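Colleague: Here you go, this is upload-v4.txt (compact mmCIF, C-alpha atoms).
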# COMPACT_ATOMS: atom_id res chain seq x y z
CA MET Z 687 3.54 9.75 89.05
CA ASP Z 688 1.40 10.48 85.99
CA ASP Z 689 -0.41 7.41 84.64
CA TYR Z 690 1.18 7.69 81.21
CA ARG Z 691 4.68 7.73 82.67
CA ARG Z 692 3.94 4.74 84.90
CA ILE Z 693 2.70 2.76 81.90
CA ALA Z 694 5.69 3.91 79.84
CA ASP Z 695 7.98 2.68 82.66
CA VAL Z 696 6.34 -0.77 82.51
CA LEU Z 697 6.84 -0.95 78.76
CA ALA Z 698 10.42 0.28 79.10
CA ALA Z 699 11.11 -2.54 81.58
CA ARG Z 700 9.63 -5.09 79.17
CA ILE Z 701 11.86 -3.74 76.39
CA ALA Z 702 14.92 -3.98 78.66
CA ALA Z 703 13.97 -7.55 79.60
CA GLY Z 704 13.62 -8.56 75.96
CA GLU Z 705 9.88 -9.23 76.19
CA LEU Z 706 9.29 -6.54 73.59
CA ARG Z 707 11.85 -6.96 70.85
CA PRO Z 708 13.30 -4.64 68.22
CA GLY Z 709 10.85 -4.32 65.36
CA ASP Z 710 7.74 -5.20 67.40
CA ARG Z 711 4.83 -3.01 66.36
CA LEU Z 712 2.77 -1.57 69.18
CA PRO Z 713 -1.02 -1.83 68.78
CA PRO Z 714 -2.96 1.16 67.42
CA GLN Z 715 -3.44 3.70 70.18
CA ARG Z 716 -7.21 3.11 70.44
CA GLN Z 717 -6.68 -0.63 70.85
CA PHE Z 718 -3.94 -0.04 73.44
CA ALA Z 719 -6.24 2.34 75.36
CA ARG Z 720 -9.13 -0.17 75.43
CA ARG Z 721 -6.82 -3.01 76.47
CA HIS Z 722 -5.40 -1.04 79.39
CA GLY Z 723 -8.57 0.82 80.39
CA ILE Z 724 -7.13 4.27 79.77
CA ALA Z 725 -8.16 7.29 77.72
CA GLY Z 726 -7.02 7.61 74.13
CA SER Z 727 -5.14 10.79 75.02
CA THR Z 728 -3.24 8.90 77.72
CA ALA Z 729 -2.27 6.19 75.24
CA ALA Z 730 -0.98 8.87 72.89
CA ARG Z 731 1.14 10.29 75.72
CA VAL Z 732 2.51 6.80 76.53
CA TYR Z 733 3.64 6.33 72.95
CA GLY Z 734 5.04 9.85 72.84
CA GLU Z 735 7.02 9.18 76.02
CA LEU Z 736 8.53 5.99 74.55
CA ILE Z 737 9.56 7.93 71.46
CA ARG Z 738 11.01 10.73 73.60
CA ARG Z 739 13.10 8.17 75.52
CA GLY Z 740 14.40 6.72 72.25
CA LEU Z 741 12.75 3.35 72.90
CA ALA Z 742 10.28 3.52 70.01
CA VAL Z 743 9.95 5.20 66.65
CA GLY Z 744 6.78 6.39 64.93
CA GLU Z 745 6.32 6.00 61.19
CA VAL Z 746 3.62 8.03 59.47
CA GLY Z 747 0.82 5.77 58.24
CA ARG Z 748 2.49 2.63 59.62
CA GLY Z 749 2.42 2.78 63.41
CA THR Z 750 4.83 2.84 66.33
CA PHE Z 751 7.65 0.31 66.60
CA ILE Z 752 10.20 -0.74 69.21
CA ARG Z 753 13.60 0.60 68.20
CA ALA Z 754 16.35 -1.80 67.19
CA ALA Z 755 18.75 -0.26 69.69
CA ALA Z 756 19.02 2.69 72.01
CA PRO Z 757 20.21 5.76 70.11
CA SER Z 758 23.84 6.70 70.46
CA GLY Z 759 24.78 9.65 72.62
CA GLU Z 760 27.02 10.89 69.81
CA PRO Z 761 25.69 13.05 66.98
CA ALA Z 762 24.62 11.10 63.90
CA LEU Z 763 27.47 10.53 61.45
CA ALA Z 764 29.95 12.10 63.87
CA GLU Z 765 32.60 9.38 63.64
CA PRO Z 766 33.62 6.81 61.04
CA THR Z 767 31.89 3.49 61.55
CA ARG Z 768 33.73 0.41 62.81
CA ALA Z 769 31.85 -1.81 60.39
CA ARG Z 770 33.85 -3.49 57.64
CA VAL Z 771 32.00 -1.64 54.86
CA ASP Z 772 31.23 2.01 55.58
CA LEU Z 773 28.14 3.25 53.74
CA GLU Z 774 27.53 5.96 56.36
CA MET Z 775 30.28 8.51 55.73
CA THR Z 776 30.42 10.45 52.46
CA PHE Z 777 34.11 10.91 51.85
CA SER Z 778 36.11 9.87 48.81
CA VAL Z 779 39.82 9.02 48.81
CA PRO Z 780 40.79 8.01 45.26
CA GLU Z 781 44.04 6.15 44.69
CA GLU Z 782 45.61 9.20 43.04
CA LEU Z 783 44.93 11.45 46.05
CA PRO Z 784 48.07 10.94 48.18
CA VAL Z 785 50.45 11.41 45.26
CA LEU Z 786 48.66 14.51 43.99
CA LEU Z 787 48.60 16.13 47.43
CA ALA Z 788 52.19 15.19 48.28
CA ASP Z 789 53.53 16.68 45.05
CA SER Z 790 51.66 19.89 45.72
CA LEU Z 791 52.81 20.18 49.34
CA GLY Z 792 56.52 19.64 48.70
CA GLY Z 793 57.43 23.34 48.68
CA LEU Z 794 55.37 24.01 51.80
CA LEU Z 795 57.61 21.73 53.86
CA ARG Z 796 60.76 23.80 53.38
CA PRO Z 797 61.74 25.18 56.82
CA ASP Z 798 61.43 28.86 55.89
CA VAL Z 799 58.02 28.40 54.26
CA LEU Z 800 56.78 26.08 56.99
CA GLY Z 801 57.74 28.59 59.67
CA SER Z 802 55.45 31.17 58.13
CA ALA Z 803 52.66 28.60 57.67
CA LEU Z 804 52.59 27.89 61.41
CA THR Z 805 51.65 31.45 62.45
CA PRO Z 806 48.08 32.49 63.41
CA LEU Z 807 45.52 33.65 60.87
CA GLY Z 808 42.23 35.53 61.04
CA ALA Z 809 38.77 34.88 59.63
CA ALA Z 810 39.62 36.52 56.29
CA GLY Z 811 42.30 33.96 55.48
CA THR Z 812 44.77 35.28 52.92
CA PRO Z 813 44.22 37.26 49.71
CA ALA Z 814 45.76 34.44 47.67
CA LEU Z 815 43.33 31.87 49.07
CA ARG Z 816 40.31 34.13 48.59
CA GLU Z 817 41.21 34.81 44.95
CA ALA Z 818 41.84 31.12 44.21
CA ALA Z 819 38.68 29.95 45.97
CA ALA Z 820 36.51 32.58 44.27
CA ALA Z 821 37.79 31.41 40.90
CA LEU Z 822 37.02 27.79 41.72
CA TRP Z 823 33.53 28.55 43.03
CA SER Z 824 32.50 30.52 39.92
CA ARG Z 825 29.88 28.75 37.84
CA ALA Z 826 26.91 29.38 35.57
CA GLU Z 827 27.69 33.11 35.22
CA TRP Z 828 27.99 33.54 39.01
CA SER Z 829 31.33 34.57 40.45
CA PRO Z 830 31.74 35.41 44.16
CA ASP Z 831 33.54 38.54 45.25
CA PRO Z 832 36.83 37.48 46.90
CA GLY Z 833 36.40 40.36 49.32
CA ARG Z 834 33.20 38.76 50.66
CA LEU Z 835 34.83 35.40 51.37
CA LEU Z 836 35.62 34.25 54.92
CA VAL Z 837 37.55 31.14 55.93
CA ALA Z 838 36.76 28.47 58.54
CA GLY Z 839 38.46 25.29 59.65
CA ASN Z 840 35.89 23.19 57.77
CA GLY Z 841 32.43 23.36 56.29
CA ARG Z 842 30.67 22.45 59.53
CA GLN Z 843 32.34 25.36 61.29
CA ALA Z 844 31.34 27.70 58.47
CA ILE Z 845 27.71 26.56 58.87
CA ALA Z 846 27.90 27.03 62.63
CA ALA Z 847 29.32 30.55 62.27
CA ALA Z 848 26.66 31.53 59.74
CA LEU Z 849 23.83 30.25 61.92
CA ALA Z 850 25.32 31.82 65.05
CA ALA Z 851 25.49 35.17 63.25
CA LEU Z 852 21.93 34.96 61.91
CA ALA Z 853 19.92 33.39 64.72
CA PRO Z 854 20.42 34.19 68.42
CA ALA Z 855 19.62 31.51 70.98
CA GLY Z 856 15.90 30.84 71.19
CA GLU Z 857 15.19 31.84 67.59
CA ARG Z 858 13.79 29.63 64.81
CA VAL Z 859 15.58 28.48 61.64
CA GLY Z 860 13.83 26.64 58.82
CA VAL Z 861 15.41 23.53 57.29
CA GLU Z 862 14.31 20.98 54.72
CA GLU Z 863 12.14 18.30 56.33
CA LEU Z 864 15.05 15.89 55.83
CA THR Z 865 18.32 17.64 56.55
CA TYR Z 866 22.05 17.21 57.16
CA PRO Z 867 22.28 15.55 60.61
CA VAL Z 868 25.17 17.69 61.84
CA VAL Z 869 22.98 20.79 61.55
CA LYS Z 870 20.76 19.34 64.27
CA GLY Z 871 23.72 19.15 66.62
CA ILE Z 872 24.87 22.66 65.71
CA ALA Z 873 21.40 24.05 66.36
CA ALA Z 874 21.19 22.29 69.74
CA ARG Z 875 24.51 23.78 70.85
CA LEU Z 876 23.50 27.24 69.68
CA GLY Z 877 20.05 27.04 71.30
CA ILE Z 878 18.30 27.37 67.92
CA THR Z 879 14.98 25.70 67.18
CA LEU Z 880 14.85 23.97 63.78
CA VAL Z 881 11.57 24.10 61.86
CA PRO Z 882 11.04 21.39 59.19
CA LEU Z 883 9.93 22.72 55.79
CA ALA Z 884 7.97 20.61 53.32
CA MET Z 885 9.64 19.61 50.05
CA ASP Z 886 8.71 18.33 46.63
CA GLU Z 887 10.89 16.84 43.88
CA TYR Z 888 12.48 20.26 43.31
CA GLY Z 889 13.43 20.93 46.93
CA VAL Z 890 11.88 23.06 49.64
CA LEU Z 891 8.51 24.61 48.79
CA PRO Z 892 8.31 28.42 48.77
CA GLU Z 893 4.95 28.30 50.50
CA ALA Z 894 6.44 26.17 53.28
CA VAL Z 895 8.83 29.02 54.08
CA ARG Z 896 6.02 31.60 53.97
CA SER Z 897 3.75 29.59 56.26
CA ALA Z 898 6.37 28.48 58.79
CA GLY Z 899 5.82 31.44 61.08
CA PRO Z 900 8.57 33.83 62.10
CA LEU Z 901 12.00 32.56 61.03
CA ARG Z 902 15.37 34.23 61.40
CA ALA Z 903 16.94 32.20 58.60
CA VAL Z 904 16.72 29.01 56.56
CA TYR Z 905 19.40 26.41 55.97
CA LEU Z 906 19.09 24.76 52.54
CA GLN Z 907 20.93 22.33 50.27
CA PRO Z 908 19.77 23.36 46.78
CA THR Z 909 22.19 21.10 44.86
CA LEU Z 910 22.33 17.32 45.37
CA HIS Z 911 20.44 17.51 48.64
CA ASN Z 912 21.64 15.16 51.37
CA PRO Z 913 20.05 12.60 51.72
CA LEU Z 914 17.58 12.77 48.80
CA GLY Z 915 19.89 13.87 45.98
CA ARG Z 916 17.35 16.44 44.73
CA THR Z 917 18.42 19.65 42.99
CA MET Z 918 16.41 22.86 42.78
CA THR Z 919 15.62 24.15 39.31
CA GLU Z 920 16.52 27.72 38.39
CA GLN Z 921 12.84 28.64 38.66
CA ARG Z 922 12.62 27.23 42.21
CA ARG Z 923 15.78 29.08 43.21
CA ALA Z 924 14.32 32.32 41.91
CA GLU Z 925 11.08 31.65 43.82
CA ILE Z 926 12.95 30.96 47.07
CA ALA Z 927 14.99 34.12 46.57
CA GLU Z 928 11.77 36.12 46.27
CA VAL Z 929 10.43 34.54 49.47
CA LEU Z 930 13.62 35.48 51.33
CA ARG Z 931 13.08 39.11 50.38
CA GLU Z 932 9.35 38.97 51.08
CA CYS Z 933 9.84 37.45 54.55
CA ASP Z 934 12.98 39.51 55.30
CA ILE Z 935 15.11 36.48 56.18
CA TYR Z 936 18.52 35.13 55.20
CA ALA Z 937 19.49 31.73 53.84
CA VAL Z 938 22.54 29.60 54.53
CA GLU Z 939 23.18 27.74 51.28
CA ASP Z 940 25.18 24.54 51.76
CA ALA Z 941 27.01 24.05 48.45
CA ILE Z 942 29.24 21.18 49.58
CA TYR Z 943 28.16 18.89 46.72
CA GLY Z 944 27.92 21.65 44.13
CA PHE Z 945 31.16 20.62 42.44
CA LEU Z 946 29.50 17.38 41.32
CA ARG Z 947 26.86 19.34 39.41
CA GLU Z 948 27.91 22.79 38.14
CA ASP Z 949 25.20 23.34 35.52
CA LEU Z 950 23.11 25.63 37.77
CA PRO Z 951 23.92 28.93 39.48
CA PRO Z 952 23.74 28.89 43.29
CA LEU Z 953 20.79 30.30 45.17
CA ALA Z 954 23.06 33.24 45.99
CA ALA Z 955 23.03 34.28 42.33
CA PHE Z 956 19.32 35.11 42.70
CA ALA Z 957 19.57 36.91 46.06
CA PRO Z 958 23.21 37.81 46.76
CA GLU Z 959 22.20 40.20 49.53
CA ARG Z 960 20.23 37.45 51.31
CA VAL Z 961 22.34 34.30 51.02
CA VAL Z 962 25.46 33.03 52.80
CA VAL Z 963 27.09 30.34 50.62
CA VAL Z 964 28.97 27.70 52.62
CA ASP Z 965 31.41 25.25 51.09
CA SER Z 966 34.66 23.45 51.86
CA LEU Z 967 37.38 21.27 50.38
CA SER Z 968 36.41 18.19 52.39
CA LYS Z 969 34.49 16.55 49.53
CA ARG Z 970 36.64 17.96 46.71
CA VAL Z 971 39.90 16.94 48.40
CA ALA Z 972 39.74 15.04 51.71
CA PRO Z 973 38.21 15.55 55.17
CA GLY Z 974 41.53 15.09 56.97
CA LEU Z 975 43.07 18.37 55.78
CA THR Z 976 40.41 20.82 54.68
CA VAL Z 977 39.30 24.44 54.77
CA GLY Z 978 35.77 25.82 54.95
CA PHE Z 979 34.47 28.92 53.20
CA ALA Z 980 31.57 31.33 53.56
CA VAL Z 981 30.66 33.84 50.87
CA VAL Z 982 28.88 36.47 52.93
CA PRO Z 983 26.66 39.44 51.98
CA GLU Z 984 28.33 42.74 52.80
CA ALA Z 985 25.82 43.51 55.57
CA LEU Z 986 26.71 40.27 57.37
CA GLY Z 987 30.50 40.22 56.97
CA GLY Z 988 31.32 41.57 60.42
CA ARG Z 989 28.82 39.34 62.21
CA VAL Z 990 29.98 36.12 60.57
CA ALA Z 991 33.66 37.02 61.04
CA SER Z 992 32.98 37.69 64.72
CA ALA Z 993 31.20 34.34 65.06
CA LEU Z 994 34.17 32.55 63.46
CA ARG Z 995 36.58 34.18 65.89
CA SER Z 996 34.47 33.76 69.04
CA GLY Z 997 33.63 30.15 68.19
CA GLY Z 998 37.28 29.24 67.58
CA TRP Z 999 36.32 28.27 64.04
CA THR Z 1000 38.94 30.10 62.01
CA ALA Z 1001 41.23 28.01 59.81
CA PRO Z 1002 44.85 27.19 60.74
CA ARG Z 1003 47.33 28.86 58.42
CA PHE Z 1004 48.99 25.57 57.44
CA ALA Z 1005 45.68 24.28 56.04
CA VAL Z 1006 45.13 27.63 54.29
CA GLU Z 1007 48.58 27.51 52.68
CA ALA Z 1008 48.07 23.90 51.61
CA ALA Z 1009 44.63 24.70 50.18
CA THR Z 1010 46.02 27.68 48.28
CA ARG Z 1011 48.61 25.48 46.60
CA TRP Z 1012 46.05 22.82 45.70
CA LEU Z 1013 43.72 25.45 44.27
CA THR Z 1014 46.31 27.31 42.21
CA ASP Z 1015 48.30 24.39 40.77
CA GLY Z 1016 45.30 22.49 39.41
CA THR Z 1017 45.24 19.74 42.05
CA VAL Z 1018 41.67 20.49 43.14
CA THR Z 1019 40.43 20.68 39.55
CA THR Z 1020 42.03 17.32 38.79
CA LEU Z 1021 40.49 15.74 41.89
CA GLN Z 1022 37.06 17.14 41.05
CA ASP Z 1023 37.18 15.48 37.64
CA ILE Z 1024 38.28 12.17 39.18
CA LYS Z 1025 35.50 12.28 41.77
CA ARG Z 1026 32.81 13.15 39.24
CA ARG Z 1027 33.71 10.09 37.20
CA ASP Z 1028 33.87 7.99 40.36
CA ALA Z 1029 30.42 9.16 41.54
CA ALA Z 1030 28.91 8.28 38.16
CA ALA Z 1031 30.47 4.80 38.26
CA ARG Z 1032 29.14 4.18 41.77
CA GLN Z 1033 25.65 5.31 40.81
CA ARG Z 1034 25.73 2.80 37.95
CA LEU Z 1035 26.30 0.08 40.54
CA VAL Z 1036 23.26 1.31 42.47
CA ARG Z 1037 21.10 1.07 39.36
CA GLU Z 1038 22.48 -2.40 38.64
CA HIS Z 1039 22.17 -3.96 42.08
CA LEU Z 1040 19.14 -2.12 43.49
CA GLU Z 1041 16.97 -2.23 40.38
CA GLY Z 1042 13.32 -2.64 41.28
CA PHE Z 1043 13.64 -0.98 44.69
CA ALA Z 1044 12.41 2.52 45.56
CA ILE Z 1045 15.69 4.39 45.13
CA GLU Z 1046 15.93 8.18 44.88
CA SER Z 1047 19.17 9.76 43.79
CA ASP Z 1048 20.99 11.71 41.10
CA PRO Z 1049 23.45 9.96 38.73
CA ARG Z 1050 26.10 12.51 39.80
CA ALA Z 1051 25.72 12.12 43.58
CA PHE Z 1052 27.80 10.20 46.11
CA HIS Z 1053 24.72 9.01 48.03
CA CYS Z 1054 21.25 7.58 47.48
CA TRP Z 1055 17.99 7.32 49.41
CA TRP Z 1056 16.31 3.93 49.72
CA ARG Z 1057 12.66 3.63 50.76
CA LEU Z 1058 12.58 0.13 52.19
CA PRO Z 1059 10.08 -2.52 51.09
CA ASP Z 1060 7.60 -4.07 53.49
CA PRO Z 1061 7.93 -5.68 55.95
CA TRP Z 1062 11.33 -4.10 56.58
CA ARG Z 1063 11.68 -1.04 58.80
CA ALA Z 1064 14.69 1.20 58.95
CA ASP Z 1065 15.91 0.30 62.43
CA THR Z 1066 15.76 -3.44 61.88
CA PHE Z 1067 17.28 -3.16 58.41
CA VAL Z 1068 20.21 -1.12 59.79
CA ALA Z 1069 20.74 -3.76 62.49
CA ALA Z 1070 20.55 -6.63 59.97
CA ALA Z 1071 22.99 -4.86 57.64
CA ALA Z 1072 25.39 -4.31 60.53
CA ARG Z 1073 25.32 -8.04 61.30
CA ARG Z 1074 26.56 -8.52 57.74
CA GLY Z 1075 29.38 -6.01 58.27
CA ILE Z 1076 27.73 -3.08 56.43
CA ALA Z 1077 26.97 0.27 58.07
CA VAL Z 1078 24.08 2.33 56.65
CA THR Z 1079 22.24 5.35 58.04
CA PRO Z 1080 18.56 5.18 59.07
CA GLY Z 1081 16.17 7.83 57.83
CA ALA Z 1082 15.60 9.02 61.41
CA ALA Z 1083 19.10 10.56 61.41
CA PHE Z 1084 17.86 13.18 58.93
CA THR Z 1085 14.53 14.08 60.53
CA ILE Z 1086 13.76 16.94 62.86
CA VAL Z 1087 10.80 15.13 64.50
CA LEU Z 1088 11.72 11.52 65.32
CA ALA Z 1089 8.08 10.50 65.42
CA HIS Z 1090 7.91 11.24 61.68
CA ALA Z 1091 10.96 9.22 60.69
CA PRO Z 1092 10.63 7.83 57.16
CA ASN Z 1093 11.02 4.11 56.55
CA ALA Z 1094 14.21 4.57 54.57
CA VAL Z 1095 17.99 4.46 54.75
CA ARG Z 1096 20.69 6.54 53.14
CA LEU Z 1097 23.59 4.82 51.45
CA ALA Z 1098 26.83 6.77 51.20
CA LEU Z 1099 28.64 5.35 48.20
CA SER Z 1100 32.04 7.02 48.17
CA ALA Z 1101 34.15 5.45 50.92
CA PRO Z 1102 34.69 1.75 50.10
CA PRO Z 1103 36.67 0.50 47.09
CA ILE Z 1104 34.32 0.16 44.16
CA ASP Z 1105 34.49 -3.67 44.10
CA THR Z 1106 33.64 -3.73 47.80
CA LEU Z 1107 30.74 -1.36 47.17
CA ALA Z 1108 29.37 -3.68 44.49
CA THR Z 1109 29.48 -6.65 46.88
CA ALA Z 1110 27.86 -4.61 49.66
CA LEU Z 1111 25.03 -3.44 47.41
CA ALA Z 1112 24.38 -7.00 46.24
CA THR Z 1113 24.32 -8.14 49.88
CA LEU Z 1114 21.85 -5.40 50.86
CA ALA Z 1115 19.63 -6.17 47.89
CA ALA Z 1116 19.49 -9.85 48.86
CA LEU Z 1117 18.74 -8.87 52.44
CA ALA Z 1118 15.89 -6.56 51.40
CA ARG Z 1119 14.31 -9.28 49.25
CA ASN Z 1120 14.04 -11.63 52.22
CA VAL Z 1121 11.68 -11.49 55.16
CA PRO Z 1122 13.49 -10.18 58.26
CA GLU Z 1123 14.91 -12.77 60.63
CA ASP Z 1124 12.16 -12.24 63.19
CA ALA Z 1125 9.36 -12.38 60.64
CA GLU Z 1126 6.54 -12.49 63.17
CA ALA Z 1127 7.74 -9.32 64.89
CA GLU Z 1128 8.49 -7.57 61.60
CA LEU Z 1129 5.06 -8.35 60.22
CA GLY Z 1130 3.49 -6.48 63.11
CA VAL Z 1131 2.22 -8.81 65.83
CA GLY Z 1132 0.43 -6.65 68.39
CA LEU Z 1133 1.65 -6.01 71.90
CA PRO Z 1134 0.99 -9.14 74.00
CA ASP Z 1135 -1.24 -8.91 77.07
Rewrite the structure of this file - the entire thing - as structure tokens.
Modeller:
Amino acid sequence: MDDYRRIADVLAARIAAGELRPGDRLPPQRQFARRHGIAGSTAARVYGELIRRGLAVGEVGRGTFIRAAAPSGEPALAEPTRARVDLEMTFSVPEELPVLLADSLGGLLRPDVLGSALTPLGAAGTPALREAAAALWSRAEWSPDPGRLLVAGNGRQAIAAALAALAPAGERVGVEELTYPVVKGIAARLGITLVPLAMDEYGVLPEAVRSAGPLRAVYLQPTLHNPLGRTMTEQRRAEIAEVLRECDIYAVEDAIYGFLREDLPPLAAFAPERVVVVDSLSKRVAPGLTVGFAVVPEALGGRVASALRSGGWTAPRFAVEAATRWLTDGTVTTLQDIKRRDAAARQRLVREHLEGFAIESDPRAFHCWWRLPDPWRADTFVAAAARRGIAVTPGAAFTIVLAHAPNAVRLALSAPPIDTLATALATLAALARNVPEDAEAELGVGLPD
């Protein structure tokens, strides 16, 4: 067995036995190498092997730490948490929602109408849905062509179909250096390699796309980026559009949070022939009964439609008929207004309870990014929050390279009742102001001999 693997096995056994505890910082690699009489390159491979096994996490400029727990086999954010206060999932169910949806669905439940709504449907959906969705999606002088709109079961399926159409297995797709966790799972299933792209306060950098090497596509969140809450300016969108043309690549634009901020045109307005816009009703309405959409350039229509069909990602007709009613009778517009006000109120709570901490967000978003204070680290903070009945998401869930996980957590603000959210934020703030329970480990005691 290679020396580095043998040493990694010894450390893994010590972690399993509890000798090395969550939050323990491993010594600098040079110190570890001297202590164990090995080469520096071997020490680097030992640490890399621990990270690969999910037993440790590397933080740029801080070191390598024992993870708080083994990573779950399920994709990040795949299921609702069992914690009492869910600050992981970004879904909003206002009190008015059930009544609004029930009133709208009444006519759909008549036997003759319901019978038609239970028949199969293709990737194009129905003309009525396409017209209604195109009207809703129009903003800032951009209006999608209903004829270029395809329908999926949800937004995730629309993303999967777009990526499947654009990037065959083995190809490379660029993504923001912090990205929507589900995209990582989609890429793994499709055999696509994700390439992290550097960002600044305005989103992904044009030069990062140019210098990334050959890409088949990029997946971007230009508006209210998840998890950072950043929004590209019009100038940045125009610059990215130019890079798409220059590099001869397509973009998948995730517009799922666009309804919370409609003051800017989508990236597609600057390069309609190069951008697939993906959206859904899961955030506007509810995740339990939703429809996904893709506004597709004419040259890609057949490929994306084929991917929707072959992937089994087309929408059921009942959901399409329900969505059409909600779109045409004003239900979705009413819910959007309610949720915008709700997001603003929840962001005010963040500013009130987390004042003084390194918080990044937008006052219109349903989430915020929290760079944790020393000596806290993301894994141990997530574990400590869970012991207090609060589920938050570690920064590692959003990274492409686990070894570069930021020391941060994302808070999803939309799920709990607003009074519960206020209490949870106050609890987390108090937690962050204290030294972690195992202060000696958190403060970075080196690996014992």
Colleague: For the atom pair atom CA of Arg858 of chain Z and atom CA of Ala846 of chain Z, what is the interatomic distance in Å to one decimal place?
Modeller: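 The value is 14.5 Å.
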Colleague: Go through Z:Ala730, Z:Ala1108, Z:Ala814, Z:Ala1115 one by one, measure the shortest atom-to-atom distance of each to Leu712 of chain Z using all atoms listed in the file, and give the residue with the smallest value.
Modeller: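 Of Z:Ala730, Z:Ala1108, Z:Ala814, Z:Ala1115, the one nearest Leu712 of chain Z is Z:Ala730, counting all atoms listed in the file.
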Colleague: So, counting only C-alpha atoms, which residue among Z:Val1078, Z:Ala1005, Z:Ala954, Z:Val981 is closest to Trp828 of chain Z?
Modeller: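 Of the candidates, the smallest distance to Trp828 of chain Z is held by Z:Ala954.
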Colleague: Identify which of the residues Z:Arg825, Z:Arg1034, Z:Arg995, Z:Arg970 lies closest to Thr1017 of chain Z, counting only C-alpha atoms when measuring atom-to-atom distances.
Modeller: Z:Arg970
Colleague: Measure the distance from atom CA of Asp710 of chain Z to atom CA of Leu864 of chain Z in Å and round it to one decimal.
Modeller: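 These two atoms are separated by 25.1 Å.
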Colleague: Would you mind reading off the distance between atom CA of Pro1092 of chain Z and atom CA of Arg1032 of chain Z, one decimal, in Å?
Modeller: 24.3 Å
Colleague: For segment 835-846 of chain Z, where the input has fewer atoms than it should, I would like N, CA and C atoms rebuilt and written as a short mmCIF file (atom, residue, chain, number, x, y, z; two decimals), in the coordinates of the input.
Modeller:
data_model
loop_
_atom_site.label_atom_id
_atom_site.label_comp_id
_atom_site.auth_asym_id
_atom_site.auth_seq_id
_atom_site.Cartn_x
_atom_site.Cartn_y
_atom_site.Cartn_z
N LEU Z 835 34.58 36.79 51.01
CA LEU Z 835 34.83 35.40 51.37
C LEU Z 835 35.55 35.32 52.71
N LEU Z 836 35.00 34.51 53.62
CA LEU Z 836 35.62 34.25 54.92
C LEU Z 836 36.02 32.78 54.99
N VAL Z 837 36.94 32.47 55.90
CA VAL Z 837 37.55 31.14 55.93
C VAL Z 837 37.37 30.51 57.31
N ALA Z 838 36.94 29.25 57.31
CA ALA Z 838 36.76 28.47 58.54
C ALA Z 838 37.63 27.23 58.49
N GLY Z 839 37.67 26.52 59.61
CA GLY Z 839 38.46 25.29 59.65
C GLY Z 839 37.88 24.20 58.77
N ASN Z 840 36.56 24.16 58.64
CA ASN Z 840 35.89 23.19 57.77
C ASN Z 840 34.49 23.69 57.47
N GLY Z 841 33.76 22.93 56.66
CA GLY Z 841 32.43 23.36 56.29
C GLY Z 841 31.46 23.40 57.45
N ARG Z 842 31.57 22.47 58.37
CA ARG Z 842 30.67 22.45 59.53
C ARG Z 842 30.84 23.72 60.36
N GLN Z 843 32.08 24.14 60.52
CA GLN Z 843 32.34 25.36 61.29
C GLN Z 843 31.81 26.59 60.56
N ALA Z 844 31.90 26.59 59.24
CA ALA Z 844 31.34 27.70 58.47
C ALA Z 844 29.82 27.76 58.64
N ILE Z 845 29.16 26.60 58.63
CA ILE Z 845 27.71 26.56 58.87
C ILE Z 845 27.39 27.08 60.26
N ALA Z 846 28.15 26.61 61.25
CA ALA Z 846 27.90 27.03 62.63
C ALA Z 846 28.06 28.53 62.78
#
